[in-house]
$ cat protein14.txt   # compact mmCIF, C-alpha atoms
# COMPACT_ATOMS: atom_id res chain seq x y z
CA MET A 1 0.00 0.00 0.00
CA THR A 2 1.45 3.33 -0.96
CA TYR A 3 0.21 6.78 -0.08
CA LEU A 4 2.23 8.83 -2.54
CA ALA A 5 -0.52 9.08 -5.12
CA LYS A 6 -3.05 10.12 -2.50
CA SER A 7 -1.08 13.05 -1.15
CA PRO A 8 0.97 14.80 -3.81
CA TRP A 9 2.30 18.11 -2.59
CA ILE A 10 3.34 20.62 -5.19
CA ILE A 11 5.87 23.38 -5.37
CA HIS A 12 5.25 25.87 -8.14
CA TYR A 13 7.98 28.03 -9.60
CA ASP A 14 7.49 30.74 -12.20
CA ALA A 15 10.73 30.61 -14.19
CA SER A 16 10.25 33.32 -16.77
CA SER A 17 6.59 32.90 -17.50
CA CYS A 18 4.29 35.73 -18.56
CA ASN A 19 2.07 34.71 -15.56
CA GLY A 20 -0.56 33.24 -17.86
CA CYS A 21 0.19 29.65 -16.86
CA ASP A 22 0.69 30.67 -13.21
CA ILE A 23 -2.78 32.10 -13.04
CA GLU A 24 -4.13 28.87 -14.52
CA ILE A 25 -2.24 26.85 -11.87
CA LEU A 26 -3.73 29.00 -9.13
CA ALA A 27 -7.13 28.55 -10.80
CA CYS A 28 -6.76 24.82 -10.06
CA LEU A 29 -6.86 25.66 -6.34
CA THR A 30 -10.08 27.67 -6.55
CA PRO A 31 -13.51 26.22 -5.69
CA MET A 32 -14.12 25.70 -9.43
CA TYR A 33 -11.46 22.97 -9.80
CA ASP A 34 -10.43 22.39 -6.16
CA VAL A 35 -7.40 20.10 -6.52
CA GLU A 36 -7.34 19.61 -2.75
CA ARG A 37 -10.02 16.98 -3.47
CA PHE A 38 -7.13 14.77 -4.55
CA GLY A 39 -4.98 15.75 -1.59
CA ILE A 40 -2.94 18.11 -3.75
CA ILE A 41 -1.48 21.00 -1.78
CA ASN A 42 0.55 23.91 -3.05
CA THR A 43 3.31 23.94 -0.43
CA GLY A 44 5.77 26.67 -1.37
CA ASN A 45 8.53 24.71 0.38
CA PRO A 46 10.71 22.41 -1.76
CA LYS A 47 11.49 20.18 1.22
CA HIS A 48 7.81 19.32 1.61
CA ALA A 49 7.09 18.90 -2.08
CA ASP A 50 6.74 15.82 -4.29
CA ILE A 51 5.95 17.48 -7.61
CA PHE A 52 7.86 20.41 -9.07
CA VAL A 53 5.60 22.43 -11.36
CA VAL A 54 7.55 24.89 -13.51
CA THR A 55 6.17 27.49 -15.86
CA GLY A 56 8.22 29.54 -18.29
CA SER A 57 11.57 28.83 -19.87
CA VAL A 58 15.11 28.61 -18.55
CA ASN A 59 17.30 31.68 -18.74
CA GLU A 60 20.53 32.74 -17.08
CA ALA A 61 18.78 34.45 -14.18
CA ASN A 62 16.64 31.53 -13.09
CA ARG A 63 18.92 28.61 -13.93
CA GLU A 64 20.36 28.38 -10.43
CA VAL A 65 16.99 28.89 -8.78
CA ILE A 66 15.45 25.97 -10.66
CA LEU A 67 18.41 23.73 -9.81
CA ASN A 68 18.32 24.82 -6.19
CA ILE A 69 14.63 24.02 -5.79
CA TYR A 70 14.98 20.71 -7.61
CA ASN A 71 17.94 19.59 -5.53
CA GLN A 72 16.25 20.49 -2.26
CA MET A 73 13.27 18.22 -2.96
CA PRO A 74 13.50 14.82 -1.25
CA ASP A 75 13.09 11.70 -3.42
CA PRO A 76 10.90 10.45 -5.01
CA LYS A 77 10.06 13.55 -7.02
CA VAL A 78 8.76 14.42 -10.46
CA VAL A 79 8.92 17.54 -12.61
CA VAL A 80 5.94 18.83 -14.58
CA ALA A 81 6.62 21.49 -17.21
CA VAL A 82 3.46 23.55 -17.60
CA GLY A 83 2.92 25.67 -20.70
CA ILE A 84 4.71 25.68 -24.02
CA CYS A 85 7.51 27.94 -22.73
CA ALA A 86 8.42 25.38 -20.06
CA CYS A 87 8.14 22.54 -22.60
CA SER A 88 10.30 23.99 -25.36
CA GLY A 89 10.87 27.69 -24.85
CA GLY A 90 7.82 28.54 -26.95
CA VAL A 91 7.90 31.84 -28.78
CA PHE A 92 10.91 32.91 -26.72
CA ARG A 93 13.00 29.96 -27.91
CA GLU A 94 15.12 32.12 -30.21
CA CYS A 95 15.79 34.86 -27.67
CA TYR A 96 19.46 35.45 -26.97
CA ASN A 97 19.02 34.94 -23.22
CA VAL A 98 16.69 31.92 -23.29
CA ALA A 99 18.20 28.45 -23.04
CA GLY A 100 14.97 26.66 -23.92
CA GLY A 101 12.56 24.36 -22.06
CA ILE A 102 13.03 23.16 -18.49
CA ASP A 103 14.39 19.84 -19.80
CA LYS A 104 17.56 21.66 -20.80
CA LEU A 105 18.38 21.85 -17.11
CA ILE A 106 16.61 19.15 -15.11
CA PRO A 107 14.85 15.90 -16.17
CA VAL A 108 11.21 16.62 -16.96
CA ASP A 109 8.67 13.82 -16.48
CA VAL A 110 5.46 15.35 -17.83
CA TYR A 111 4.96 18.05 -20.46
CA VAL A 112 1.74 20.05 -20.36
CA PRO A 113 1.69 22.21 -23.50
CA GLY A 114 -0.63 25.14 -24.09
CA CYS A 115 -0.49 28.91 -24.07
CA ALA A 116 -1.75 29.26 -21.45
CA ALA A 117 -2.23 25.64 -20.33
CA ARG A 118 -5.84 25.03 -19.30
CA PRO A 119 -6.54 24.04 -15.68
CA GLU A 120 -8.01 20.76 -16.95
CA SER A 121 -4.81 19.87 -18.77
CA ILE A 122 -2.68 20.93 -15.77
CA ILE A 123 -4.68 18.63 -13.49
CA ASP A 124 -4.38 15.88 -16.11
CA GLY A 125 -0.63 16.41 -16.24
CA ILE A 126 -0.31 16.17 -12.47
CA VAL A 127 -2.43 13.01 -12.34
CA THR A 128 -0.12 11.53 -15.01
CA ALA A 129 2.84 12.56 -12.85
CA LEU A 130 1.40 10.55 -9.94
CA GLY A 131 1.91 7.32 -11.90
CA ILE A 132 5.52 8.25 -12.55
CA LEU A 133 5.97 9.15 -8.88
CA GLU A 134 4.82 5.66 -7.90
CA GLU A 135 7.18 4.12 -10.43
CA LYS A 136 10.11 6.15 -9.10
CA ARG A 137 9.29 5.13 -5.57
CA SER A 138 9.36 1.43 -6.48
CA LYS A 139 12.84 1.94 -7.95
CA MET A 140 14.14 3.82 -4.94
CA PRO A 141 17.06 2.16 -3.08
CA VAL A 142 16.27 0.58 0.28
CA THR A 143 18.57 3.01 2.08
CA PRO A 144 17.27 6.29 0.75
CA ARG A 145 19.50 8.58 2.73
CA ARG A 146 22.17 10.03 0.48
CA PRO A 147 25.26 11.57 2.04
CA ASP A 148 24.90 14.73 0.02
CA PHE A 149 21.54 15.21 -1.61
CA ARG A 150 22.29 18.68 -2.87
CA GLU A 151 24.71 17.92 -5.63
CA HIS A 152 23.13 15.19 -7.71
CA VAL A 153 22.10 17.30 -10.70
CA GLU A 154 24.86 19.16 -12.43
CA TYR A 155 24.70 21.92 -14.94
CA HIS A 156 24.61 19.40 -17.73
CA HIS A 157 23.60 21.67 -20.58
CA GLN A 158 25.38 24.69 -19.37
CA ASP A 159 27.72 25.50 -22.21
CA LYS A 160 25.78 23.94 -25.04
CA HIS A 161 22.85 26.29 -24.73
CA ARG A 162 24.42 29.41 -23.44
CA HIS A 163 24.08 31.86 -26.28
CA THR A 164 26.52 34.68 -26.37
CA GLY A 165 24.92 38.00 -25.64
CA GLY A 166 24.75 41.22 -27.56
CA ALA A 167 21.66 43.11 -28.63
CA GLN A 168 20.00 41.70 -31.68
CA MET B 1 -3.34 0.55 37.46
CA THR B 2 -6.19 2.36 35.73
CA ASP B 3 -3.95 5.39 35.27
CA ILE B 4 -1.46 3.33 33.24
CA ILE B 5 -4.29 1.90 31.15
CA TRP B 6 -5.67 5.37 30.44
CA ALA B 7 -2.21 6.64 29.58
CA ALA B 8 -1.71 3.70 27.19
CA ILE B 9 -5.11 4.33 25.62
CA PHE B 10 -4.13 7.94 25.05
CA VAL B 11 -0.82 7.02 23.42
CA LEU B 12 -2.49 4.49 21.09
CA VAL B 13 -5.85 6.09 20.31
CA ALA B 14 -5.11 9.84 20.37
CA PRO B 15 -3.33 9.93 16.98
CA VAL B 16 -6.26 8.12 15.36
CA ILE B 17 -8.85 10.54 16.75
CA GLY B 18 -6.54 13.54 16.35
CA GLY B 19 -5.92 12.66 12.69
CA LEU B 20 -9.64 12.27 12.09
CA ILE B 21 -10.30 15.64 13.73
CA ALA B 22 -7.66 17.19 11.46
CA GLY B 23 -9.38 15.57 8.44
CA ILE B 24 -12.83 16.78 9.49
CA ASP B 25 -11.30 20.21 10.10
CA ARG B 26 -10.01 20.31 6.52
CA LYS B 27 -13.34 19.08 5.14
CA ILE B 28 -15.33 21.71 7.03
CA THR B 29 -12.83 24.39 6.05
CA ALA B 30 -13.23 23.38 2.40
CA HIS B 31 -17.02 23.54 2.65
CA MET B 32 -16.80 26.96 4.25
CA GLN B 33 -14.81 28.10 1.22
CA GLY B 34 -17.27 26.55 -1.26
CA ARG B 35 -14.97 23.63 -2.10
CA VAL B 36 -15.48 19.88 -1.90
CA GLY B 37 -12.28 19.31 0.02
CA PRO B 38 -10.19 16.20 0.57
CA SER B 39 -11.24 12.95 2.20
CA VAL B 40 -11.48 13.03 6.00
CA PHE B 41 -8.66 10.46 6.00
CA GLN B 42 -6.37 12.84 4.11
CA PRO B 43 -4.12 13.61 7.14
CA PHE B 44 -3.37 9.85 7.39
CA TYR B 45 -2.54 9.70 3.68
CA ASP B 46 -0.26 12.72 4.11
CA VAL B 47 1.60 11.21 7.04
CA GLY B 48 1.82 7.82 5.27
CA LYS B 49 3.28 9.58 2.28
CA LEU B 50 5.80 11.49 4.38
CA PHE B 51 7.07 8.21 5.85
CA GLU B 52 7.62 6.96 2.29
CA LYS B 53 9.77 9.93 1.39
CA GLU B 54 13.49 10.33 1.68
CA SER B 55 14.71 11.93 4.90
CA ALA B 56 16.69 14.97 3.79
CA VAL B 57 17.70 17.05 6.78
CA VAL B 58 20.31 19.73 7.09
CA ASP B 59 21.42 18.69 10.55
CA GLU B 60 20.93 15.22 12.04
CA SER B 61 20.07 16.70 15.44
CA GLN B 62 16.81 17.98 13.92
CA VAL B 63 15.51 14.42 13.79
CA PHE B 64 16.47 13.91 17.43
CA TYR B 65 14.53 17.04 18.44
CA ALA B 66 11.51 15.95 16.41
CA ILE B 67 11.53 12.58 18.20
CA CYS B 68 11.83 14.35 21.58
CA TYR B 69 8.90 16.57 20.59
CA VAL B 70 6.72 13.50 19.98
CA ILE B 71 7.88 11.65 23.08
CA PHE B 72 7.31 14.58 25.43
CA MET B 73 3.91 15.29 23.89
CA MET B 74 2.99 11.64 24.47
CA PHE B 75 4.33 11.95 28.02
CA THR B 76 2.25 15.10 28.60
CA GLY B 77 -0.90 13.49 27.29
CA ALA B 78 -0.26 10.29 29.24
CA LEU B 79 0.16 12.35 32.43
CA PHE B 80 -3.03 14.24 31.70
CA PHE B 81 -5.26 11.29 30.81
CA GLY B 82 -3.57 9.10 33.41
CA GLY B 83 -4.81 11.51 36.08
CA GLY B 84 -1.54 13.26 36.87
CA ASP B 85 -0.81 16.63 38.36
CA LEU B 86 -2.02 19.47 36.15
CA LEU B 87 1.00 21.65 36.95
CA LEU B 88 3.34 18.88 35.82
CA VAL B 89 1.23 18.50 32.67
CA ILE B 90 1.71 22.11 31.60
CA PHE B 91 5.44 22.03 32.37
CA ALA B 92 5.86 18.87 30.29
CA LEU B 93 3.82 20.50 27.52
CA THR B 94 6.13 23.51 27.52
CA LEU B 95 9.16 21.22 27.45
CA SER B 96 7.86 19.47 24.35
CA GLN B 97 7.29 22.86 22.66
CA VAL B 98 10.85 23.80 23.52
CA PHE B 99 12.10 20.77 21.58
CA LEU B 100 10.18 22.01 18.53
CA VAL B 101 11.90 25.37 18.87
CA LEU B 102 15.33 23.73 19.31
CA GLY B 103 14.70 21.63 16.20
CA ALA B 104 13.94 24.76 14.21
CA TYR B 105 17.08 26.47 15.52
CA ALA B 106 19.22 23.41 14.71
CA ALA B 107 19.08 24.08 10.98
CA ASN B 108 21.01 27.08 9.76
CA SER B 109 18.12 28.51 7.79
CA PRO B 110 16.64 32.01 8.12
CA TYR B 111 13.05 30.82 7.60
CA SER B 112 13.46 28.16 10.21
CA HIS B 113 14.99 30.67 12.64
CA VAL B 114 12.20 33.19 12.10
CA GLY B 115 9.75 30.35 12.76
CA ALA B 116 11.58 29.40 15.94
CA GLU B 117 11.55 32.97 17.20
CA ARG B 118 7.86 33.31 16.46
CA GLU B 119 7.20 30.01 18.20
CA LEU B 120 9.01 31.38 21.27
CA LEU B 121 6.87 34.53 21.11
CA GLN B 122 3.75 32.38 20.93
CA ILE B 123 4.88 30.37 23.95
CA MET B 124 5.46 33.68 25.73
CA ALA B 125 1.98 34.82 24.69
CA TYR B 126 -0.03 31.86 25.90
CA GLU B 127 1.99 30.63 28.86
CA PRO B 128 0.67 33.16 31.48
CA MET B 129 -2.92 32.31 30.60
CA VAL B 130 -2.26 28.56 30.72
CA ILE B 131 -0.79 28.88 34.22
CA LEU B 132 -3.72 31.07 35.30
CA THR B 133 -6.04 28.38 33.93
CA VAL B 134 -4.45 25.75 36.16
CA VAL B 135 -4.62 28.10 39.15
CA GLY B 136 -8.25 28.84 38.33
CA LEU B 137 -9.10 25.14 38.08
CA TYR B 138 -7.51 24.67 41.49
CA ALA B 139 -9.42 27.61 42.93
CA ALA B 140 -12.66 26.13 41.68
CA THR B 141 -12.14 22.49 42.60
CA ARG B 142 -9.39 22.55 45.26
CA SER B 143 -7.31 20.05 43.35
CA PHE B 144 -4.48 19.87 40.85
CA ASN B 145 -5.27 16.26 40.03
CA VAL B 146 -6.79 15.88 36.58
CA TRP B 147 -9.22 13.11 37.50
CA GLU B 148 -10.41 14.92 40.61
CA ILE B 149 -11.03 18.08 38.58
CA ALA B 150 -12.80 16.12 35.84
CA SER B 151 -15.05 14.30 38.30
CA SER B 152 -15.64 17.30 40.54
CA ALA B 153 -19.30 18.12 41.17
CA VAL B 154 -18.54 21.85 41.00
CA PRO B 155 -19.79 23.59 37.83
CA VAL B 156 -16.28 24.81 37.03
CA VAL B 157 -17.13 26.88 33.98
CA LEU B 158 -19.68 28.90 35.96
CA ILE B 159 -17.19 29.66 38.74
CA ILE B 160 -14.31 30.69 36.48
CA PRO B 161 -16.00 31.97 33.28
CA GLY B 162 -13.31 34.62 32.82
CA ILE B 163 -10.51 32.09 32.93
CA PHE B 164 -12.48 29.87 30.55
CA LEU B 165 -12.72 32.72 28.00
CA GLY B 166 -9.04 33.52 28.43
CA PHE B 167 -8.17 29.87 27.86
CA LEU B 168 -10.32 29.83 24.72
CA TYR B 169 -8.33 32.81 23.44
CA THR B 170 -5.01 31.06 23.95
CA LEU B 171 -6.44 27.85 22.51
CA THR B 172 -6.50 29.57 19.12
CA ILE B 173 -2.77 30.15 19.45
CA LYS B 174 -2.08 26.61 20.65
CA LEU B 175 -4.13 25.01 17.88
CA ARG B 176 -2.25 27.21 15.34
CA LYS B 177 -5.49 28.65 14.02
CA SER B 178 -5.64 31.62 11.76
CA PRO B 179 -5.28 34.93 13.52
CA PHE B 180 -2.33 33.44 15.39
CA ASP B 181 -0.77 30.96 12.95
CA LEU B 182 2.49 32.86 13.19
CA SER B 183 5.14 30.18 13.54
CA THR B 184 3.61 27.47 11.38
CA SER B 185 0.21 26.58 10.07
CA HIS B 186 -1.78 23.55 9.00
CA HIS B 187 -2.96 25.11 5.80
CA ALA B 188 -1.18 25.39 2.52
CA HIS B 189 0.08 28.83 3.35
CA GLN B 190 3.42 29.61 1.84
CA GLU B 191 5.90 32.39 2.54
CA ILE B 192 7.48 32.52 5.94
CA VAL B 193 4.59 30.78 7.60
CA LYS B 194 5.94 27.24 7.22
CA GLY B 195 8.28 28.55 9.90
CA VAL B 196 9.42 25.88 12.33
CA THR B 197 8.71 23.04 9.89
CA THR B 198 10.56 24.62 6.95
CA GLU B 199 13.67 22.48 7.31
CA TYR B 200 11.88 19.22 8.06
CA SER B 201 11.02 16.75 5.34
CA GLY B 202 9.77 13.21 5.02
CA PRO B 203 9.60 11.06 8.18
CA SER B 204 10.59 13.81 10.63
CA LEU B 205 7.86 16.10 9.26
CA ALA B 206 5.43 13.20 9.70
CA LEU B 207 6.45 12.97 13.38
CA ILE B 208 5.70 16.67 13.86
CA GLU B 209 2.32 16.17 12.20
CA ILE B 210 1.50 13.26 14.54
CA THR B 211 2.55 15.39 17.52
CA HIS B 212 0.03 18.01 16.46
CA TRP B 213 -2.68 15.34 16.59
CA TYR B 214 -1.65 14.38 20.12
CA GLU B 215 -1.64 18.05 21.09
CA THR B 216 -5.14 18.61 19.71
CA ILE B 217 -6.54 15.78 21.82
CA LEU B 218 -4.69 17.03 24.90
CA LEU B 219 -6.08 20.55 24.46
CA LEU B 220 -9.61 19.29 23.91
CA GLY B 221 -9.17 17.28 27.11
CA PHE B 222 -8.18 20.52 28.84
CA LEU B 223 -11.39 22.13 27.58
CA PHE B 224 -13.41 19.22 28.94
CA LEU B 225 -12.13 19.92 32.47
CA PHE B 226 -14.30 23.03 32.57
CA PHE B 227 -17.42 20.89 32.07
CA GLY B 228 -16.47 17.85 34.17
CA TRP B 229 -19.59 18.13 36.38
CA TYR B 230 -21.84 17.30 33.41
CA PRO B 231 -19.92 15.02 30.99
CA LEU B 232 -22.52 15.05 28.20
CA LEU B 233 -22.52 18.86 28.17
CA GLY B 234 -18.72 18.66 28.23
CA VAL B 235 -18.53 16.53 25.08
CA ILE B 236 -21.02 18.78 23.26
CA ALA B 237 -19.18 21.91 24.41
CA VAL B 238 -15.82 20.55 23.25
CA ILE B 239 -17.24 19.77 19.80
CA MET B 240 -18.96 23.15 19.50
CA LEU B 241 -15.85 25.02 20.65
CA TYR B 242 -13.69 23.20 18.12
CA LEU B 243 -16.17 24.15 15.39
CA LEU B 244 -15.93 27.73 16.66
CA GLU B 245 -12.14 27.54 16.31
CA ILE B 246 -12.55 26.37 12.69
CA LEU B 247 -14.88 29.29 12.04
CA ILE B 248 -12.39 31.74 13.58
CA ASP B 249 -9.65 30.14 11.50
CA ASN B 250 -11.57 30.74 8.29
CA THR B 251 -12.78 34.25 8.97
CA ASN B 252 -9.65 35.93 10.30
CA ALA B 253 -6.51 37.24 8.70
CA ARG B 254 -3.19 36.58 10.37
CA VAL B 255 -2.18 39.26 12.89
CA ARG B 256 1.28 40.54 13.71
CA TRP B 257 3.15 38.95 16.58
CA GLN B 258 3.03 42.19 18.58
CA PHE B 259 -0.75 41.97 18.65
CA ALA B 260 -0.68 38.29 19.54
CA VAL B 261 1.54 38.86 22.58
CA LYS B 262 -0.11 42.08 23.77
CA SER B 263 -3.67 40.87 23.38
CA SER B 264 -3.15 37.52 25.05
CA TRP B 265 -1.35 39.10 28.02
CA LEU B 266 -4.02 41.77 28.28
CA ILE B 267 -6.73 39.13 28.26
CA ALA B 268 -4.83 37.06 30.81
CA VAL B 269 -4.67 40.10 33.10
CA ILE B 270 -8.21 41.34 32.54
CA VAL B 271 -10.30 38.18 32.58
CA GLY B 272 -7.90 35.77 34.25
CA VAL B 273 -6.65 37.85 37.15
CA ALA B 274 -10.02 39.61 37.57
CA ASN B 275 -11.74 36.24 37.79
CA LEU B 276 -9.30 35.01 40.42
CA ALA B 277 -9.63 38.28 42.37
CA ALA B 278 -13.41 38.02 42.31
CA LEU B 279 -13.17 34.47 43.62
CA TYR B 280 -10.82 35.58 46.36
CA PHE B 281 -12.90 38.50 47.58
CA LEU B 282 -16.39 37.13 47.03
CA GLY B 283 -16.28 33.39 47.13
CA GLY B 284 -14.21 32.08 49.99
CA GLY B 285 -10.82 32.81 48.57
CA VAL B 286 -7.96 31.24 46.73
CA ALA B 287 -5.76 29.14 48.98
$ encode --input "protein14.txt" --output "structure tokens"
Amino acid sequence: MTYLAKSPWIIHYDASSCNGCDIEILACLTPMYDVERFGIINTGNPKHADIFVVTGSVNEANREVILNIYNQMPDPKVVVAVGICACSGGVFRECYNVAGGIDKLIPVDVYVPGCAARPESIIDGIVTALGILEEKRSKMPVTPRRPDFREHVEYHHQDKHRHTGGAQ
Amino acid sequence: MTDIIWAAIFVLVAPVIGGLIAGIDRKITAHMQGRVGPSVFQPFYDVGKLFEKESAVVDESQVFYAICYVIFMMFTGALFFGGGDLLLVIFALTLSQVFLVLGAYAANSPYSHVGAERELLQIMAYEPMVILTVVGLYAATRSFNVWEIASSAVPVVLIIPGIFLGFLYTLTIKLRKSPFDLSTSHHAHQEIVKGVTTEYSGPSLALIEITHWYETILLLGFLFLFFGWYPLLGVIAVIMLYLLEILIDNTNARVRWQFAVKSSWLIAVIVGVANLAALYFLGGGVA
């Protein structure tokens, strides 16, 4: 018997989103959609969270913030990229300061496209993430305590996607 | 022998009832906000989930403090329901709160430290009233023993109504309900409010959650002492007062800590001390 799927706690981070997707995520918490029905809570604390919901694309300013939040989350954890900017960079893909989607930096488990993503599709994405969360838990080592949990994701796309600056 | 049995019953049954109360609390809160809300068993799912998670703590001593917090809360409740001395009960309760504060200070995190400081301020805010409550219960029933107070034929709440109201005020702080949810809160508030629990994750956070269930039962037991002369009324009053706390929780914005400390001290002085003084001068006196 596992309780993970019954109590997914979320941390939401607005990377460089226009706020469109963020408003839709918050709409999920309103009486209209009420995701707390499924035990979903928006925690605001990475150490309490199971699901990392990111909106917007990766750029130089938020790269470290995303990594920091991701690395502070205890295992098992999943990442849901909400909105087309988080999935691929969207219309900002070609910008000189944008590295692309969230998967350029951390492993993304579920992509929820849309501009802005609808609350229904966000909820669907999170429910899909629950299955992956269960799967990750079953693969977790018996001794889960890592000596240093902070350093397990490196800047693995750092140089490849860093575009040199200059006004264009 | 019966005291040990009652203490054991508390240790085993209190988390079950406390968790259910937390679940019903969330359900009622959701309905008040026009939502469907989670299952009433949601707190158990949450705690079960937390035990399945990885334990990622900054400092190992945090886990030790969390365990001490649970153990001393169990000890407090066991003393209370086992018919111990009420003074010892409140000192043990304070000790367990101190372990929560130490746990928050153990991690070198500003959010955690702010939470710890606010928790200390809350302890400072409610402690005078809690001690006055015990003194008031003694003044009314001539006993510090929990069972003697609970089975006393004196209508306690009618003799010390002021102290009862003062205790109700501090109960909001102790239950971490909304105007006074300064150091941490049961709701999905974000910002600084996760306070003392910020640096806890997984199993140790689950322990803190379970401790809150124990504490809820202990505090409701405290409320019952005011109605010991008529147990049925006592049970109804405890339920109604908890519903009142939920209503307060949902209709109040969080206040600043200055207000929390000033108002609870003021209330302790006005209703608590005035009530004791009235007893002393009018009704035979406080020994």
$ axis_aligned_box --input "protein14.txt" --around "stretch 26-41 of chain A" --padding-each-side "6 Å" --output "JSON"
{"center_x": -7.8, "center_y": 21.9, "center_z": -6.2, "size_x": 24.6, "size_y": 26.2, "size_z": 21.2}
$ closest_atom_pairs --input "protein14.txt" --of "chain B" --to "chain A" --cutoff "8 Å" --atoms "all atoms listed in the file" --output "CSV"
residue,atom,partner,partner_atom,distance
B:Gln33,CA,A:Pro31,CA,7.3
B:Gly34,CA,A:Pro31,CA,5.8
B:Arg35,CA,A:Pro31,CA,4.7
B:Val36,CA,A:Arg37,CA,6.4
B:Gly37,CA,A:Arg37,CA,4.8
B:Pro38,CA,A:Arg37,CA,4.1
B:Ser39,CA,A:Arg37,CA,7.1
B:Gln42,CA,A:Gly39,CA,6.5
B:Tyr45,CA,A:Tyr3,CA,5.5
B:Asp46,CA,A:Ser7,CA,5.3
B:Gly48,CA,A:Tyr3,CA,5.7
B:Lys49,CA,A:Tyr3,CA,4.8
B:Glu52,CA,A:Leu4,CA,7.5
B:Lys53,CA,A:Asp75,CA,6.1
B:Glu54,CA,A:Asp75,CA,5.3
B:Ser55,CA,A:Arg145,CA,6.2
B:Ala56,CA,A:Pro74,CA,6.0
B:Ala188,CA,A:Thr43,CA,5.6
B:His189,CA,A:Thr43,CA,7.0
B:Gln190,CA,A:Gly44,CA,4.9
B:Glu191,CA,A:Gly44,CA,6.9
B:Lys194,CA,A:Asn45,CA,7.7
B:Thr198,CA,A:Asn45,CA,6.9
B:Glu199,CA,A:Lys47,CA,6.9
B:Tyr200,CA,A:Lys47,CA,6.9
B:Ser201,CA,A:Lys47,CA,5.4
B:Gly202,CA,A:His48,CA,7.3
$ residues_near_point --input "protein14.txt" --point "(-10.9, 26.7, 39.4)" --cutoff "10 Å" --atoms "all atoms listed in the file" --output "ChimeraX atom specification"
/B:132-144,149,154-161,163-164,225-226,275-276,279,286
$ closest_residue --input "protein14.txt" --among "A:Leu133, A:Ile51, A:Ile23, A:Val58" --to "A:Phe92" --atoms "only C-alpha atoms"
A:Val58
$ closest_residue --input "protein14.txt" --among "B:Val47, B:Met129, B:Val146, B:Ala253" --to "B:Leu87" --atoms "only C-alpha atoms"
B:Val146
$ atom_distance --input "protein14.txt" --atom1 "atom CA of B:Ser112" --atom2 "atom CA of B:Val58"
11.3 Å
$ closest_residue --input "protein14.txt" --among "B:Gly18, B:Gly103, B:Gly23, B:Gly77" --to "B:Leu218" --atoms "all atoms listed in the file"
B:Gly77
$ closest_residue --input "protein14.txt" --among "B:Ile239, B:Ala153, B:Val114, B:Val261" --to "B:Thr170" --atoms "all atoms listed in the file"
B:Val261
$ atom_distance --input "protein14.txt" --atom1 "atom CA of B:Pro179" --atom2 "atom CA of B:Trp257"
9.8 Å
$ closest_residue --input "protein14.txt" --among "A:Arg93, A:Gly20, A:Val98, A:Tyr13" --to "A:Val54" --atoms "only C-alpha atoms"
A:Tyr13
$ atom_distance --input "protein14.txt" --atom1 "atom CA of B:Ser183" --atom2 "atom CA of B:Ala107"
15.4 Å
